[in-house]
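Participant: Encoded as C-alpha cells, here's the structure I'll be asking about.
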Amino acid sequence: MPAGPAGKPPTVTPVRVVIALCLVAPFVAMLWVSSYAKVDPTFIGIPFFYWYQMLWVLISTALTTVAYKLWQRDQRARKGGESA
C-alpha cells in the first residue's frame, strides 16, 4: 500500500469504498419507496410492500456484518503494516 504525504496510508481505499457501499445500500433501498410501494407479487399471502422491507432487515444485517469484518481487517492492516 503506497504511503500518503505524511507517511500515512491513504484515507480512501477500495476496501473503505466497499464498506461505505455496504452501509449505504440499505438506506437507498428503503428511501426509494416508489420501487416497492405495490402489493404484487405476494409471498405466502404477504404483500410485496411488507415482505420486501422484512427482507431488507436480513440483507442489512448481512451487509453490516461484512462492513464490520472489512473494517476490522482494514484497521489491523493499518496498525500492523502490510502483514494482515
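Convention: chains lettered A, B, ... in C-alpha cells order; per-chain residue numbering from 1; ligands numbered from 1 as shown.
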Can you tell me, as a list in words, what residues are no more than 12 Å from range 59-62 of chain A when counting only C-alpha atoms, ignoring any on the same chain fewer than 5 positions away?
Facilitator: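 Once the nearby chain positions are removed, what remains is Leu21, Cys22, Leu23, Val24, Ala25, Pro26, Phe27, Val28, Ala29, Met30, Tyr52, Gln53, Met54, Ala67, Tyr68 and Lys69 of chain A.
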Participant: Please write the residues from the selection above to a file, keeping all heavy atoms, as a short mmCIF file (atom, residue, chain, number, x, y, z; two decimals), in the first residue's frame.
Facilitator:
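Saved the output as selection.cif:
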```cif
data_model
loop_
_atom_site.label_atom_id
_atom_site.label_comp_id
_atom_site.auth_asym_id
_atom_site.auth_seq_id
_atom_site.Cartn_x
_atom_site.Cartn_y
_atom_site.Cartn_z
N LEU A 21 -20.35 1.39 0.67
CA LEU A 21 -21.46 0.88 -0.14
C LEU A 21 -22.32 -0.10 0.64
O LEU A 21 -23.55 -0.09 0.52
CB LEU A 21 -20.92 0.23 -1.41
CG LEU A 21 -20.32 1.18 -2.44
CD1 LEU A 21 -19.69 0.40 -3.58
CD2 LEU A 21 -21.36 2.15 -2.95
N CYS A 22 -21.69 -0.95 1.44
CA CYS A 22 -22.45 -1.90 2.27
C CYS A 22 -23.36 -1.17 3.26
O CYS A 22 -24.46 -1.63 3.55
CB CYS A 22 -21.50 -2.82 3.04
SG CYS A 22 -20.71 -4.09 2.05
N LEU A 23 -22.89 -0.05 3.78
CA LEU A 23 -23.66 0.68 4.78
C LEU A 23 -24.71 1.60 4.15
O LEU A 23 -25.74 1.89 4.77
CB LEU A 23 -22.73 1.47 5.69
CG LEU A 23 -21.78 0.61 6.54
CD1 LEU A 23 -20.82 1.50 7.31
CD2 LEU A 23 -22.54 -0.30 7.48
N VAL A 24 -24.48 2.07 2.94
CA VAL A 24 -25.40 3.00 2.28
C VAL A 24 -26.53 2.27 1.55
O VAL A 24 -27.66 2.77 1.47
CB VAL A 24 -24.63 3.93 1.33
CG1 VAL A 24 -25.55 4.71 0.43
CG2 VAL A 24 -23.75 4.87 2.13
N ALA A 25 -26.26 1.07 1.04
CA ALA A 25 -27.24 0.34 0.23
C ALA A 25 -28.61 0.18 0.91
O ALA A 25 -29.64 0.43 0.27
CB ALA A 25 -26.68 -1.02 -0.18
N PRO A 26 -28.67 -0.22 2.19
CA PRO A 26 -30.00 -0.36 2.82
C PRO A 26 -30.77 0.96 2.89
O PRO A 26 -31.99 0.98 2.72
CB PRO A 26 -29.68 -0.87 4.23
CG PRO A 26 -28.35 -1.52 4.11
CD PRO A 26 -27.61 -0.74 3.07
N PHE A 27 -30.06 2.06 3.12
CA PHE A 27 -30.74 3.35 3.18
C PHE A 27 -31.33 3.72 1.82
O PHE A 27 -32.47 4.16 1.73
CB PHE A 27 -29.76 4.46 3.63
CG PHE A 27 -29.42 4.37 5.08
CD1 PHE A 27 -28.21 3.84 5.47
CD2 PHE A 27 -30.30 4.80 6.05
CE1 PHE A 27 -27.87 3.75 6.80
CE2 PHE A 27 -29.99 4.71 7.39
CZ PHE A 27 -28.77 4.18 7.78
N VAL A 28 -30.55 3.52 0.78
CA VAL A 28 -31.04 3.83 -0.57
C VAL A 28 -32.25 2.96 -0.90
O VAL A 28 -33.26 3.44 -1.41
CB VAL A 28 -29.92 3.64 -1.61
CG1 VAL A 28 -30.46 3.77 -3.03
CG2 VAL A 28 -28.80 4.64 -1.37
N ALA A 29 -32.15 1.68 -0.59
CA ALA A 29 -33.25 0.75 -0.89
C ALA A 29 -34.53 1.13 -0.15
O ALA A 29 -35.63 1.04 -0.71
CB ALA A 29 -32.84 -0.68 -0.53
N MET A 30 -34.41 1.56 1.10
CA MET A 30 -35.60 1.89 1.88
C MET A 30 -36.14 3.29 1.57
O MET A 30 -37.34 3.52 1.68
CB MET A 30 -35.31 1.77 3.38
CG MET A 30 -35.11 0.34 3.84
SD MET A 30 -36.61 -0.66 3.73
CE MET A 30 -36.47 -1.39 2.14
N TYR A 52 -40.79 -7.16 1.29
CA TYR A 52 -39.58 -6.53 0.77
C TYR A 52 -38.82 -5.84 1.90
O TYR A 52 -37.61 -5.96 2.02
CB TYR A 52 -39.97 -5.52 -0.32
CG TYR A 52 -38.81 -4.77 -0.92
CD1 TYR A 52 -38.02 -5.33 -1.91
CD2 TYR A 52 -38.50 -3.47 -0.50
CE1 TYR A 52 -36.96 -4.63 -2.47
CE2 TYR A 52 -37.45 -2.77 -1.05
CZ TYR A 52 -36.68 -3.36 -2.03
OH TYR A 52 -35.63 -2.66 -2.57
N GLN A 53 -39.55 -5.12 2.75
CA GLN A 53 -38.91 -4.44 3.87
C GLN A 53 -38.33 -5.43 4.88
O GLN A 53 -37.23 -5.22 5.41
CB GLN A 53 -39.91 -3.52 4.56
CG GLN A 53 -40.29 -2.34 3.70
CD GLN A 53 -41.32 -1.48 4.37
OE1 GLN A 53 -41.01 -0.83 5.36
NE2 GLN A 53 -42.53 -1.49 3.84
N MET A 54 -39.05 -6.51 5.12
CA MET A 54 -38.53 -7.54 6.04
C MET A 54 -37.30 -8.22 5.46
O MET A 54 -36.36 -8.55 6.19
CB MET A 54 -39.61 -8.58 6.35
CG MET A 54 -40.73 -8.07 7.24
SD MET A 54 -40.13 -7.61 8.87
CE MET A 54 -40.11 -5.83 8.79
N ALA A 67 -19.37 -5.26 6.40
CA ALA A 67 -18.69 -3.98 6.60
C ALA A 67 -17.85 -3.99 7.87
O ALA A 67 -16.70 -3.52 7.88
CB ALA A 67 -19.71 -2.84 6.66
N TYR A 68 -18.37 -4.56 8.94
CA TYR A 68 -17.65 -4.63 10.21
C TYR A 68 -16.39 -5.49 10.09
O TYR A 68 -15.31 -5.10 10.55
CB TYR A 68 -18.57 -5.17 11.30
CG TYR A 68 -17.89 -5.35 12.63
CD1 TYR A 68 -17.51 -4.24 13.39
CD2 TYR A 68 -17.61 -6.61 13.13
CE1 TYR A 68 -16.88 -4.39 14.61
CE2 TYR A 68 -16.98 -6.77 14.35
CZ TYR A 68 -16.62 -5.66 15.09
OH TYR A 68 -15.98 -5.82 16.28
N LYS A 69 -16.52 -6.64 9.44
CA LYS A 69 -15.37 -7.52 9.27
C LYS A 69 -14.30 -6.86 8.40
O LYS A 69 -13.11 -6.96 8.68
CB LYS A 69 -15.79 -8.86 8.67
CG LYS A 69 -16.68 -9.69 9.57
CD LYS A 69 -15.96 -10.09 10.82
CE LYS A 69 -16.84 -10.98 11.67
NZ LYS A 69 -16.20 -11.35 12.93
#
```
Participant: One number please: CA of Ala20 in chain A to CA of Lys79 in chain A, in Å, one decimal.
Facilitator: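 The value is 20.6 Å.
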Participant: Could you give me the residues within chain A that DSSP places in helix (DSSP H, G or I), as a ChimeraX atom specification?
Facilitator: /A:14-31,33-35,48-83
Participant: Just to confirm, what's the straight-line distance from CA of Val66 in chain A to CA of Pro14 in chain A in Å (one decimal)?
Facilitator: 14.3 Å
Participant: Just the number, please: distance in Å from CA of Thr11 in chain A to CA of Gln75 in chain A, one decimal.
Facilitator: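 CA of Thr11 in chain A sits 11.5 Å away from CA of Gln75 in chain A.
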Participant: Let me make sure I understand: among A:Val39, A:Val57, A:Ile46, A:Val15, which one has the smallest atom-to-atom distance to Asp74 in chain A if we use only C-alpha atoms?
Facilitator: A:Val15
